file entry_30.csv (CSV, C-alpha atoms)
chain,number,residue,atom,x,y,z
A,925,ALA,CA,-24.2,-3.2,18.3
A,926,SER,CA,-23.2,-1.8,15.0
A,927,ALA,CA,-22.2,1.8,14.7
A,928,ALA,CA,-23.6,1.9,11.2
A,929,ALA,CA,-25.9,4.9,10.8
A,930,ALA,CA,-29.5,4.4,9.9
A,931,VAL,CA,-30.6,5.1,6.3
A,932,GLY,CA,-32.7,8.2,5.9
A,933,ALA,CA,-35.8,8.6,3.9
A,934,PRO,CA,-35.2,9.4,0.2
A,935,LEU,CA,-36.2,12.5,-1.6
A,936,PRO,CA,-39.3,11.6,-3.6
A,937,LEU,CA,-38.2,13.0,-7.0
A,938,ARG,CA,-37.0,10.6,-9.7
A,939,GLY,CA,-35.3,11.3,-13.0
A,940,LEU,CA,-34.5,9.5,-16.2
A,941,ALA,CA,-31.3,7.7,-17.0
A,942,ALA,CA,-29.9,5.0,-19.2
A,943,VAL,CA,-26.8,3.2,-20.3
A,944,SER,CA,-25.0,5.1,-23.0
A,945,THR,CA,-24.8,3.5,-26.4
A,946,ALA,CA,-22.5,4.2,-29.3
A,947,ALA,CA,-25.4,5.8,-31.1
A,948,GLY,CA,-26.2,8.0,-28.1
A,949,GLU,CA,-29.6,6.4,-27.7
A,950,ALA,CA,-31.1,5.0,-24.5
A,951,ALA,CA,-30.8,1.3,-23.9
A,952,GLN,CA,-32.0,-0.9,-21.1
A,953,VAL,CA,-29.8,-3.4,-19.5
A,954,ARG,CA,-30.7,-6.4,-17.3
A,955,LEU,CA,-29.0,-7.3,-14.0
A,956,ALA,CA,-27.9,-10.7,-15.4
A,957,ASP,CA,-26.0,-8.9,-18.2
A,958,LEU,CA,-24.0,-6.6,-16.0
A,959,HIS,CA,-20.5,-7.6,-14.9
A,960,LEU,CA,-18.0,-6.4,-12.3
A,961,GLY,CA,-16.2,-3.3,-13.4
A,962,GLN,CA,-18.6,-2.4,-16.2
A,963,GLN,CA,-18.9,1.3,-16.7
A,964,LEU,CA,-22.3,2.9,-16.7
A,965,ASP,CA,-23.7,6.4,-17.1
A,966,GLY,CA,-26.6,7.3,-15.0
A,967,THR,CA,-28.7,9.9,-13.2
A,968,VAL,CA,-29.0,10.5,-9.4
A,969,VAL,CA,-32.6,10.0,-8.6
A,970,GLN,CA,-32.7,9.6,-4.8
A,971,ILE,CA,-30.6,10.9,-1.9
A,972,TYR,CA,-30.3,8.9,1.3
A,973,CYS,CA,-28.5,10.7,4.1
A,974,PRO,CA,-26.0,9.5,5.3
A,975,ALA,CA,-25.9,6.3,3.4
A,976,GLY,CA,-25.5,7.3,-0.3
A,977,VAL,CA,-27.4,8.0,-3.5
A,978,ALA,CA,-29.6,5.9,-5.8
A,979,VAL,CA,-28.7,6.0,-9.5
A,980,GLU,CA,-30.9,5.2,-12.4
A,981,VAL,CA,-28.7,3.3,-14.9
A,982,GLY,CA,-31.4,2.0,-17.3
A,983,CYS,CA,-32.0,-1.3,-15.5
A,984,PRO,CA,-35.7,-2.0,-15.1
A,985,GLU,CA,-35.1,-4.5,-12.3
A,986,SER,CA,-33.4,-2.1,-9.8
A,987,LEU,CA,-31.8,1.2,-9.2
A,988,GLY,CA,-28.1,1.1,-8.6
A,989,PHE,CA,-26.8,2.3,-5.2
A,990,LEU,CA,-23.7,4.4,-4.7
A,991,GLU,CA,-22.7,4.1,-1.1
A,992,VAL,CA,-21.0,7.2,0.5
A,993,GLU,CA,-17.7,5.3,0.9
A,994,GLU,CA,-17.7,4.7,-2.9
A,995,PHE,CA,-18.2,8.3,-3.9
A,996,GLY,CA,-14.5,8.6,-4.8
A,997,ASP,CA,-11.0,7.7,-3.7
A,998,GLY,CA,-10.1,8.3,-0.1
A,999,PHE,CA,-12.4,9.5,2.7
A,1000,PRO,CA,-15.8,11.0,1.6
A,1001,PHE,CA,-15.7,14.3,3.4
A,1002,GLU,CA,-18.5,15.5,1.1
A,1003,GLY,CA,-21.6,13.5,1.9
A,1004,PRO,CA,-24.7,12.6,-0.1
A,1005,PHE,CA,-25.9,16.2,-0.4
A,1006,SER,CA,-22.9,17.0,-2.6
A,1007,PHE,CA,-25.1,15.4,-5.2
A,1008,LYS,CA,-28.4,16.8,-6.6
A,1009,ILE,CA,-31.3,15.1,-8.1
A,1010,GLY,CA,-30.7,14.9,-11.8
A,1011,ASP,CA,-26.9,14.9,-11.6
A,1012,GLN,CA,-25.3,12.8,-14.3
A,1013,VAL,CA,-22.6,10.4,-13.0
A,1014,THR,CA,-20.3,7.8,-14.5
A,1015,VAL,CA,-19.9,4.7,-12.3
A,1016,ARG,CA,-18.6,1.2,-12.3
A,1017,VAL,CA,-20.4,-1.9,-11.2
A,1018,LEU,CA,-19.1,-3.0,-7.8
A,1019,ASP,CA,-21.6,-5.8,-6.9
A,1020,VAL,CA,-24.4,-7.5,-8.8
A,1021,ASP,CA,-26.8,-9.9,-7.0
A,1022,PRO,CA,-30.1,-10.4,-8.9
A,1023,ASP,CA,-31.4,-12.6,-6.1
A,1024,ALA,CA,-30.7,-10.1,-3.2
A,1025,THR,CA,-33.7,-9.4,-1.0
A,1026,LEU,CA,-32.3,-6.6,1.2
A,1027,ASP,CA,-35.2,-4.8,2.9
A,1028,ALA,CA,-33.7,-1.4,3.7
A,1029,GLY,CA,-36.7,1.0,3.9
A,1030,VAL,CA,-38.9,3.1,1.8
A,1031,PRO,CA,-39.9,1.5,-1.6
A,1032,ASP,CA,-39.0,3.3,-4.8
A,1033,ALA,CA,-40.5,3.1,-8.3
A,1034,HIS,CA,-38.9,-0.3,-8.8
A,1035,GLY,CA,-40.6,-1.6,-5.7
A,1036,ASP,CA,-37.5,-1.5,-3.5
A,1037,HIS,CA,-35.4,0.9,-1.5
A,1038,GLY,CA,-32.6,2.5,-3.5
A,1039,ASP,CA,-30.2,0.1,-1.9
A,1040,SER,CA,-32.0,-3.2,-2.7
A,1041,GLY,CA,-28.7,-5.0,-2.5
A,1042,ARG,CA,-29.0,-6.1,-6.2
A,1043,LEU,CA,-26.8,-3.5,-7.8
A,1044,ARG,CA,-24.1,-1.5,-6.0
A,1045,LEU,CA,-21.8,1.0,-7.8
A,1046,THR,CA,-18.5,2.8,-7.3
A,1047,ARG,CA,-16.8,6.0,-8.5
A,1048,ARG,CA,-13.4,4.9,-7.0
A,1049,SER,CA,-10.5,4.1,-9.2
A,1050,GLY,CA,-8.3,1.0,-8.9
A,1051,SER,CA,-9.2,-2.4,-7.6
A,1052,LEU,CA,-12.8,-3.5,-7.1
A,1053,GLU,CA,-11.9,-6.1,-4.4
A,1054,ARG,CA,-13.8,-5.4,-1.2
A,1055,PRO,CA,-14.3,-7.6,1.9
A,1056,PRO,CA,-17.8,-8.8,2.7
A,1057,ARG,CA,-20.0,-6.1,4.2
A,1058,TYR,CA,-20.1,-6.2,8.0
A,1059,ARG,CA,-23.3,-7.4,9.5
A,1060,ALA,CA,-23.6,-7.0,13.3
A,1061,ASP,CA,-24.7,-10.0,15.4
A,1062,THR,CA,-28.0,-8.6,16.8
A,1063,SER,CA,-28.8,-11.8,18.7
A,1064,LYS,CA,-26.9,-10.7,21.7
A,1065,PRO,CA,-25.7,-7.3,23.0
A,1066,ALA,CA,-22.2,-6.2,22.1
A,1067,ARG,CA,-19.9,-6.0,25.1
A,1068,LEU,CA,-17.8,-2.9,25.9
A,1069,GLU,CA,-16.4,-4.3,29.2
A,1070,PRO,CA,-13.3,-6.0,27.7
A,1071,PHE,CA,-12.2,-2.7,26.3
A,1072,GLN,CA,-12.4,-1.0,29.7
A,1073,GLU,CA,-9.8,-3.5,30.9
A,1074,LEU,CA,-7.2,-2.4,28.3
A,1075,PRO,CA,-4.1,-0.5,29.7
A,1076,PRO,CA,-4.1,3.2,28.9
A,1077,GLY,CA,-2.6,4.0,25.6
A,1078,SER,CA,-3.1,0.5,24.2
A,1079,TRP,CA,-3.1,0.1,20.4
A,1080,LEU,CA,-5.6,-2.2,18.6
A,1081,GLU,CA,-5.7,-3.6,15.1
A,1082,GLY,CA,-8.9,-2.6,13.3
A,1083,GLU,CA,-10.7,-2.8,10.0
A,1084,VAL,CA,-12.7,-0.1,8.4
A,1085,VAL,CA,-16.2,-1.6,7.8
A,1086,ARG,CA,-18.1,1.5,6.8
A,1087,MET,CA,-17.9,5.3,6.4
A,1088,SER,CA,-20.1,8.4,6.7
A,1089,ASN,CA,-18.9,11.8,5.7
A,1090,TRP,CA,-17.8,12.6,9.3
A,1091,ALA,CA,-16.4,9.3,10.6
A,1092,ALA,CA,-15.1,5.9,9.7
A,1093,TYR,CA,-16.5,2.8,11.5
A,1094,VAL,CA,-13.8,0.5,12.6
A,1095,LYS,CA,-14.2,-3.1,13.9
A,1096,VAL,CA,-11.7,-3.8,16.7
A,1097,VAL,CA,-11.2,-6.9,18.7
A,1098,ALA,CA,-10.2,-7.0,22.4
A,1099,PRO,CA,-7.5,-9.4,23.6
A,1100,CYS,CA,-10.3,-11.8,24.8
A,1101,GLY,CA,-11.7,-12.0,21.3
A,1102,THR,CA,-14.7,-9.6,21.8
A,1103,ALA,CA,-15.4,-7.5,18.7
A,1104,PHE,CA,-17.0,-4.1,18.6
A,1105,VAL,CA,-17.4,-1.5,15.9
A,1106,GLY,CA,-16.0,1.8,17.1
A,1107,ILE,CA,-16.3,5.4,15.7
A,1108,LEU,CA,-13.2,7.1,14.3
A,1109,HIS,CA,-14.2,10.7,14.0
A,1110,ASP,CA,-12.6,12.7,11.2
A,1111,ALA,CA,-10.9,15.0,13.9
A,1112,GLU,CA,-9.0,11.9,15.0
A,1113,PHE,CA,-7.5,11.0,11.6
A,1114,ALA,CA,-3.8,11.0,11.2
A,1115,GLY,CA,-1.1,10.3,8.6
A,1116,ALA,CA,-2.4,9.3,5.2
A,1117,PHE,CA,-5.6,7.8,6.4
A,1118,ALA,CA,-7.9,10.4,4.7
A,1119,HIS,CA,-6.2,9.6,1.3
A,1120,GLU,CA,-6.1,5.8,1.8
A,1121,ALA,CA,-9.5,5.2,3.5
A,1122,ILE,CA,-11.5,2.4,1.9
A,1123,ARG,CA,-13.7,-0.4,3.2
A,1124,GLY,CA,-11.4,-3.2,4.4
A,1125,LEU,CA,-8.4,-1.0,5.2
A,1126,ARG,CA,-6.5,-2.3,8.2
A,1127,VAL,CA,-5.6,0.4,10.7
A,1128,ARG,CA,-4.0,0.7,14.2
A,1129,VAL,CA,-6.2,2.7,16.6
A,1130,ARG,CA,-6.4,3.6,20.3
A,1131,VAL,CA,-9.5,3.7,22.4
A,1132,LEU,CA,-10.2,7.4,23.1
A,1133,GLU,CA,-13.4,7.1,25.1
A,1134,ILE,CA,-15.8,4.4,26.2
A,1135,ASP,CA,-19.4,5.6,26.5
A,1136,THR,CA,-21.2,2.9,28.4
A,1137,GLU,CA,-24.5,4.9,28.5
A,1138,CYS,CA,-24.8,5.2,24.7
A,1139,ARG,CA,-22.7,2.1,24.1
A,1140,ARG,CA,-20.2,3.8,21.9
A,1141,LEU,CA,-16.5,3.2,21.5
A,1142,LEU,CA,-14.6,6.3,20.3
A,1143,LEU,CA,-11.3,5.7,18.6
A,1144,THR,CA,-8.3,7.7,17.5
A,1145,LEU,CA,-5.4,7.2,15.1
A,1146,ARG,CA,-3.3,9.8,17.1
A,1147,ALA,CA,-0.6,8.9,19.5
A,1148,PRO,CA,-1.1,9.8,23.1
A,1149,LEU,CA,0.2,13.2,24.2
A,1150,GLU,CA,3.6,13.0,25.9
A,1151,ALA,CA,3.5,14.1,29.5
call {"tool": "encode", "arguments": {"input": "entry_30.csv", "output": "structure tokens"}}
result
Amino acid sequence: ASAAAAVGAPLPLRGLAAVSTAAGEAAQVRLADLHLGQQLDGTVVQIYCPAGVAVEVGCPESLGFLEVEEFGDGFPFEGPFSFKIGDQVTVRVLDVDPDATLDAGVPDAHGDHGDSGRLRLTRRSGSLERPPRYRADTSKPARLEPFQELPPGSWLEGEVVRMSNWAAYVKVVAPCGTAFVGILHDAEFAGAFAHEAIRGLRVRVRVLEIDTECRRLLLTLRAPLEA
């Protein structure tokens, strides 16, 4: 099972926004005309906790979605409610997929949830390269048993697949090949992780706790305490 948190219902208010033009006038832009890295000015029109915020960028086909892990460089300690409806933001285009049909919840004025999958945005600096978004295989239950067989103190290689403002979700693989998305709480961060955190970051983690009742795998970046 994925540890990804469910998307909350949006605040119902909407604002106005548009791409800035040289003349300072509003201009509409179509999805097909947007390109990776293009800078846009927009207005926050919906807040989804804990997933992110929807941004009106003057595109009649879709709102843009700013995922919480794309709020800025490093780990997003401040969540979606660090924004307010009507906030002006400058973003870059991270993904454009005019044919996306993601059904993620409550419809907005465009007929879709704020994260329609058609337009995703970022406020991070640097490279726009990201791995494909993790999608859990829901056809069969995820197995925790292989992780129970690990020797105490074992380190595992993992990949950050998603973040909230209190935890990173890290996909780890047991020696037998079984994968599971564990929870790395911010209290278990160490080193430069908070500054370097980004989707796709490779990390070495230890299993801190296996909660079979809730089917959770809790992880840590910290070394075990010396006896």
call {"tool": "closest_atom_pairs", "arguments": {"input": "entry_30.csv", "of": "segment 1116-1135 of chain A", "to": "segment 993-998 of chain A", "cutoff": "9 Å", "atoms": "only C-alpha atoms", "output": "CSV"}}
result
residue,atom,partner,partner_atom,distance
A:Phe1117,CA,A:Gly998,CA,7.9
A:Ala1118,CA,A:Gly998,CA,5.7
A:His1119,CA,A:Gly998,CA,4.3
A:Glu1120,CA,A:Gly998,CA,5.1
A:Ala1121,CA,A:Gly998,CA,4.8
A:Ile1122,CA,A:Gly998,CA,6.4
A:Arg1123,CA,A:Glu993,CA,7.3
call {"tool": "closest_residue", "arguments": {"input": "entry_30.csv", "among": "A:Glu1002, A:Glu1133, A:Asp957, A:Asp1039", "to": "Phe1071 of chain A", "atoms": "all atoms listed in the file"}}
result
A:Glu1133
call {"tool": "closest_atom_pairs", "arguments": {"input": "entry_30.csv", "of": "segment 1039-1147 of chain A", "to": "segment 977-988 of chain A", "cutoff": "8 Å", "atoms": "all atoms listed in the file", "output": "CSV"}}
result
residue,atom,partner,partner_atom,distance
A:Asp1039,CA,A:Ala978,CA,7.0
A:Ser1040,CA,A:Ser986,CA,7.3
A:Arg1042,CA,A:Ser986,CA,7.0
A:Leu1043,CA,A:Gly988,CA,4.8
A:Arg1044,CA,A:Gly988,CA,5.4
A:Leu1045,CA,A:Gly988,CA,6.4
call {"tool": "residues_around", "arguments": {"input": "entry_30.csv", "residues": "segment 1085-1091 of chain A", "least_positions_apart": "4", "cutoff": "10 Å", "atoms": "all atoms listed in the file", "output": "PyMOL selection string"}}
result
chain A and resi 927-929+973-976+991-994+999-1004+1055-1059+1095+1105-1113+1121-1126
call {"tool": "residues_around", "arguments": {"input": "entry_30.csv", "residues": "Ala1147 of chain A", "least_positions_apart": "6", "cutoff": "9 Å", "atoms": "all atoms listed in the file", "output": "JSON, numbers by chain"}}
result
{"A": [1077, 1129, 1130]}
call {"tool": "write_last_selection", "arguments": {"input": "entry_30.csv", "atoms": "C-alpha atoms", "output": "PDB file, keeping the file's coordinate frame"}}
result
ATOM      1  CA  GLY A1077      -2.600   4.000  25.600  1.00  0.00           C
ATOM      2  CA  VAL A1129      -6.200   2.700  16.600  1.00  0.00           C
ATOM      3  CA  ARG A1130      -6.400   3.600  20.300  1.00  0.00           C
TER       4      ARG A1130
END
call {"tool": "atom_distance", "arguments": {"input": "entry_30.csv", "atom1": "atom CA of Val1017 of chain A", "atom2": "atom CA of Gly961 of chain A"}}
result
4.9 Å
call {"tool": "atom_distance", "arguments": {"input": "entry_30.csv", "atom1": "atom CA of Arg1146 of chain A", "atom2": "atom CA of Glu1069 of chain A"}}
result
22.7 Å
call {"tool": "atom_distance", "arguments": {"input": "entry_30.csv", "atom1": "atom CA of Val1094 of chain A", "atom2": "atom CA of Glu1053 of chain A"}}
result
18.3 Å
call {"tool": "closest_residue", "arguments": {"input": "entry_30.csv", "among": "A:Gly1041, A:Gly1082, A:Gly1050, A:Pro1070", "to": "Asp1019 of chain A", "atoms": "all atoms listed in the file"}}
result
A:Gly1041
call {"tool": "residues_near_point", "arguments": {"input": "entry_30.csv", "point": "(-4.9, 0.7, 18.9)", "cutoff": "7 Å", "atoms": "only C-alpha atoms", "output": "PyMOL selection string"}}
result
chain A and resi 1078-1081+1128-1131
call {"tool": "residues_near_point", "arguments": {"input": "entry_30.csv", "point": "(-13.1, -6.4, -8.1)", "cutoff": "8 Å", "atoms": "all atoms listed in the file", "output": "list in words"}}
result
Leu960, Gly961, Leu1018, Ser1051, Leu1052, Glu1053 and Arg1054 of chain A
call {"tool": "write_last_selection", "arguments": {"input": "entry_30.csv", "atoms": "C-alpha atoms", "output": "JSON list (two decimals), in the frame of the given file"}}
result
[["chain", "number", "residue", "atom", "x", "y", "z"],
["A", 960, "LEU", "CA", -18.00, -6.40, -12.30],
["A", 961, "GLY", "CA", -16.20, -3.30, -13.40],
["A", 1018, "LEU", "CA", -19.10, -3.00, -7.80],
["A", 1051, "SER", "CA", -9.20, -2.40, -7.60],
["A", 1052, "LEU", "CA", -12.80, -3.50, -7.10],
["A", 1053, "GLU", "CA", -11.90, -6.10, -4.40],
["A", 1054, "ARG", "CA", -13.80, -5.40, -1.20]]
call {"tool": "residues_around", "arguments": {"input": "entry_30.csv", "residues": "Ala956 of chain A", "least_positions_apart": "5", "cutoff": "9 Å", "atoms": "only C-alpha atoms", "output": "count of residues only"}}
result
3
call {"tool": "closest_residue", "arguments": {"input": "entry_30.csv", "among": "A:Val1127, A:Ala1098, A:Ala1114, A:Leu964", "to": "Arg1047 of chain A", "atoms": "only C-alpha atoms"}}
result
A:Leu964
call {"tool": "closest_residue", "arguments": {"input": "entry_30.csv", "among": "A:Leu990, A:Val1097, A:Leu1132, A:Val1013", "to": "Arg1067 of chain A", "atoms": "all atoms listed in the file"}}
result
A:Val1097
call {"tool": "build_atoms", "arguments": {"input": "entry_30.csv", "residues": "segment 1069-1097 of chain A", "atoms": "N, CA and C atoms", "output": "PDB file, keeping the file's coordinate frame"}}
result
ATOM      1  N   GLU A1069     -17.212  -4.056  28.018  1.00  0.00           N
ATOM      2  CA  GLU A1069     -16.400  -4.300  29.200  1.00  0.00           C
ATOM      3  C   GLU A1069     -14.961  -4.700  28.925  1.00  0.00           C
ATOM      4  N   PRO A1070     -14.713  -5.594  27.950  1.00  0.00           N
ATOM      5  CA  PRO A1070     -13.300  -6.000  27.700  1.00  0.00           C
ATOM      6  C   PRO A1070     -12.424  -4.827  27.286  1.00  0.00           C
ATOM      7  N   PHE A1071     -13.008  -3.802  26.677  1.00  0.00           N
ATOM      8  CA  PHE A1071     -12.200  -2.700  26.300  1.00  0.00           C
ATOM      9  C   PHE A1071     -11.877  -1.746  27.444  1.00  0.00           C
ATOM     10  N   GLN A1072     -12.717  -1.797  28.474  1.00  0.00           N
ATOM     11  CA  GLN A1072     -12.400  -1.000  29.700  1.00  0.00           C
ATOM     12  C   GLN A1072     -11.228  -1.590  30.438  1.00  0.00           C
ATOM     13  N   GLU A1073     -10.902  -2.838  30.181  1.00  0.00           N
ATOM     14  CA  GLU A1073      -9.800  -3.500  30.900  1.00  0.00           C
ATOM     15  C   GLU A1073      -8.456  -3.268  30.193  1.00  0.00           C
ATOM     16  N   LEU A1074      -8.459  -2.593  29.043  1.00  0.00           N
ATOM     17  CA  LEU A1074      -7.200  -2.400  28.300  1.00  0.00           C
ATOM     18  C   LEU A1074      -6.333  -1.354  29.090  1.00  0.00           C
ATOM     19  N   PRO A1075      -5.020  -1.547  29.107  1.00  0.00           N
ATOM     20  CA  PRO A1075      -4.100  -0.500  29.700  1.00  0.00           C
ATOM     21  C   PRO A1075      -4.228   0.769  28.937  1.00  0.00           C
ATOM     22  N   PRO A1076      -4.113   1.896  29.612  1.00  0.00           N
ATOM     23  CA  PRO A1076      -4.100   3.200  28.900  1.00  0.00           C
ATOM     24  C   PRO A1076      -3.115   3.262  27.801  1.00  0.00           C
ATOM     25  N   GLY A1077      -3.533   3.822  26.683  1.00  0.00           N
ATOM     26  CA  GLY A1077      -2.600   4.000  25.600  1.00  0.00           C
ATOM     27  C   GLY A1077      -2.460   2.763  24.683  1.00  0.00           C
ATOM     28  N   SER A1078      -3.228   1.695  24.955  1.00  0.00           N
ATOM     29  CA  SER A1078      -3.100   0.500  24.200  1.00  0.00           C
ATOM     30  C   SER A1078      -3.540   0.688  22.717  1.00  0.00           C
ATOM     31  N   TRP A1079      -2.791   0.078  21.809  1.00  0.00           N
ATOM     32  CA  TRP A1079      -3.100   0.100  20.400  1.00  0.00           C
ATOM     33  C   TRP A1079      -3.863  -1.182  20.023  1.00  0.00           C
ATOM     34  N   LEU A1080      -4.841  -1.071  19.116  1.00  0.00           N
ATOM     35  CA  LEU A1080      -5.600  -2.200  18.600  1.00  0.00           C
ATOM     36  C   LEU A1080      -5.548  -2.258  17.112  1.00  0.00           C
ATOM     37  N   GLU A1081      -5.534  -3.459  16.559  1.00  0.00           N
ATOM     38  CA  GLU A1081      -5.700  -3.600  15.100  1.00  0.00           C
ATOM     39  C   GLU A1081      -7.150  -3.528  14.774  1.00  0.00           C
ATOM     40  N   GLY A1082      -7.465  -2.800  13.715  1.00  0.00           N
ATOM     41  CA  GLY A1082      -8.900  -2.600  13.300  1.00  0.00           C
ATOM     42  C   GLY A1082      -9.041  -2.710  11.825  1.00  0.00           C
ATOM     43  N   GLU A1083     -10.298  -2.805  11.422  1.00  0.00           N
ATOM     44  CA  GLU A1083     -10.700  -2.800  10.000  1.00  0.00           C
ATOM     45  C   GLU A1083     -11.800  -1.882   9.742  1.00  0.00           C
ATOM     46  N   VAL A1084     -11.627  -1.019   8.743  1.00  0.00           N
ATOM     47  CA  VAL A1084     -12.700  -0.100   8.400  1.00  0.00           C
ATOM     48  C   VAL A1084     -13.829  -0.889   7.718  1.00  0.00           C
ATOM     49  N   VAL A1085     -15.030  -0.798   8.302  1.00  0.00           N
ATOM     50  CA  VAL A1085     -16.200  -1.600   7.800  1.00  0.00           C
ATOM     51  C   VAL A1085     -17.220  -0.699   7.125  1.00  0.00           C
ATOM     52  N   ARG A1086     -17.165   0.612   7.414  1.00  0.00           N
ATOM     53  CA  ARG A1086     -18.100   1.500   6.800  1.00  0.00           C
ATOM     54  C   ARG A1086     -17.674   2.939   7.039  1.00  0.00           C
ATOM     55  N   MET A1087     -18.220   3.876   6.244  1.00  0.00           N
ATOM     56  CA  MET A1087     -17.900   5.300   6.400  1.00  0.00           C
ATOM     57  C   MET A1087     -19.132   6.143   6.256  1.00  0.00           C
ATOM     58  N   SER A1088     -19.150   7.277   6.956  1.00  0.00           N
ATOM     59  CA  SER A1088     -20.100   8.400   6.700  1.00  0.00           C
ATOM     60  C   SER A1088     -19.175   9.542   6.262  1.00  0.00           C
ATOM     61  N   ASN A1089     -19.737  10.718   6.073  1.00  0.00           N
ATOM     62  CA  ASN A1089     -18.900  11.800   5.700  1.00  0.00           C
ATOM     63  C   ASN A1089     -18.227  12.523   6.860  1.00  0.00           C
ATOM     64  N   TRP A1090     -18.431  11.993   8.074  1.00  0.00           N
ATOM     65  CA  TRP A1090     -17.800  12.600   9.300  1.00  0.00           C
ATOM     66  C   TRP A1090     -17.015  11.580  10.082  1.00  0.00           C
ATOM     67  N   ALA A1091     -17.122  10.297   9.766  1.00  0.00           N
ATOM     68  CA  ALA A1091     -16.400   9.300  10.600  1.00  0.00           C
ATOM     69  C   ALA A1091     -16.268   7.996   9.780  1.00  0.00           C
ATOM     70  N   ALA A1092     -15.266   7.236  10.208  1.00  0.00           N
ATOM     71  CA  ALA A1092     -15.100   5.900   9.700  1.00  0.00           C
ATOM     72  C   ALA A1092     -15.491   4.940  10.880  1.00  0.00           C
ATOM     73  N   TYR A1093     -16.106   3.823  10.539  1.00  0.00           N
ATOM     74  CA  TYR A1093     -16.500   2.800  11.500  1.00  0.00           C
ATOM     75  C   TYR A1093     -15.532   1.668  11.455  1.00  0.00           C
ATOM     76  N   VAL A1094     -14.873   1.406  12.574  1.00  0.00           N
ATOM     77  CA  VAL A1094     -13.800   0.500  12.600  1.00  0.00           C
ATOM     78  C   VAL A1094     -14.060  -0.676  13.546  1.00  0.00           C
ATOM     79  N   LYS A1095     -13.989  -1.885  13.026  1.00  0.00           N
ATOM     80  CA  LYS A1095     -14.200  -3.100  13.900  1.00  0.00           C
ATOM     81  C   LYS A1095     -12.864  -3.395  14.552  1.00  0.00           C
ATOM     82  N   VAL A1096     -12.888  -3.418  15.881  1.00  0.00           N
ATOM     83  CA  VAL A1096     -11.700  -3.800  16.700  1.00  0.00           C
ATOM     84  C   VAL A1096     -12.036  -4.989  17.521  1.00  0.00           C
ATOM     85  N   VAL A1097     -11.004  -5.707  17.922  1.00  0.00           N
ATOM     86  CA  VAL A1097     -11.200  -6.900  18.700  1.00  0.00           C
ATOM     87  C   VAL A1097     -10.330  -6.814  19.970  1.00  0.00           C
TER      88      VAL A1097
END
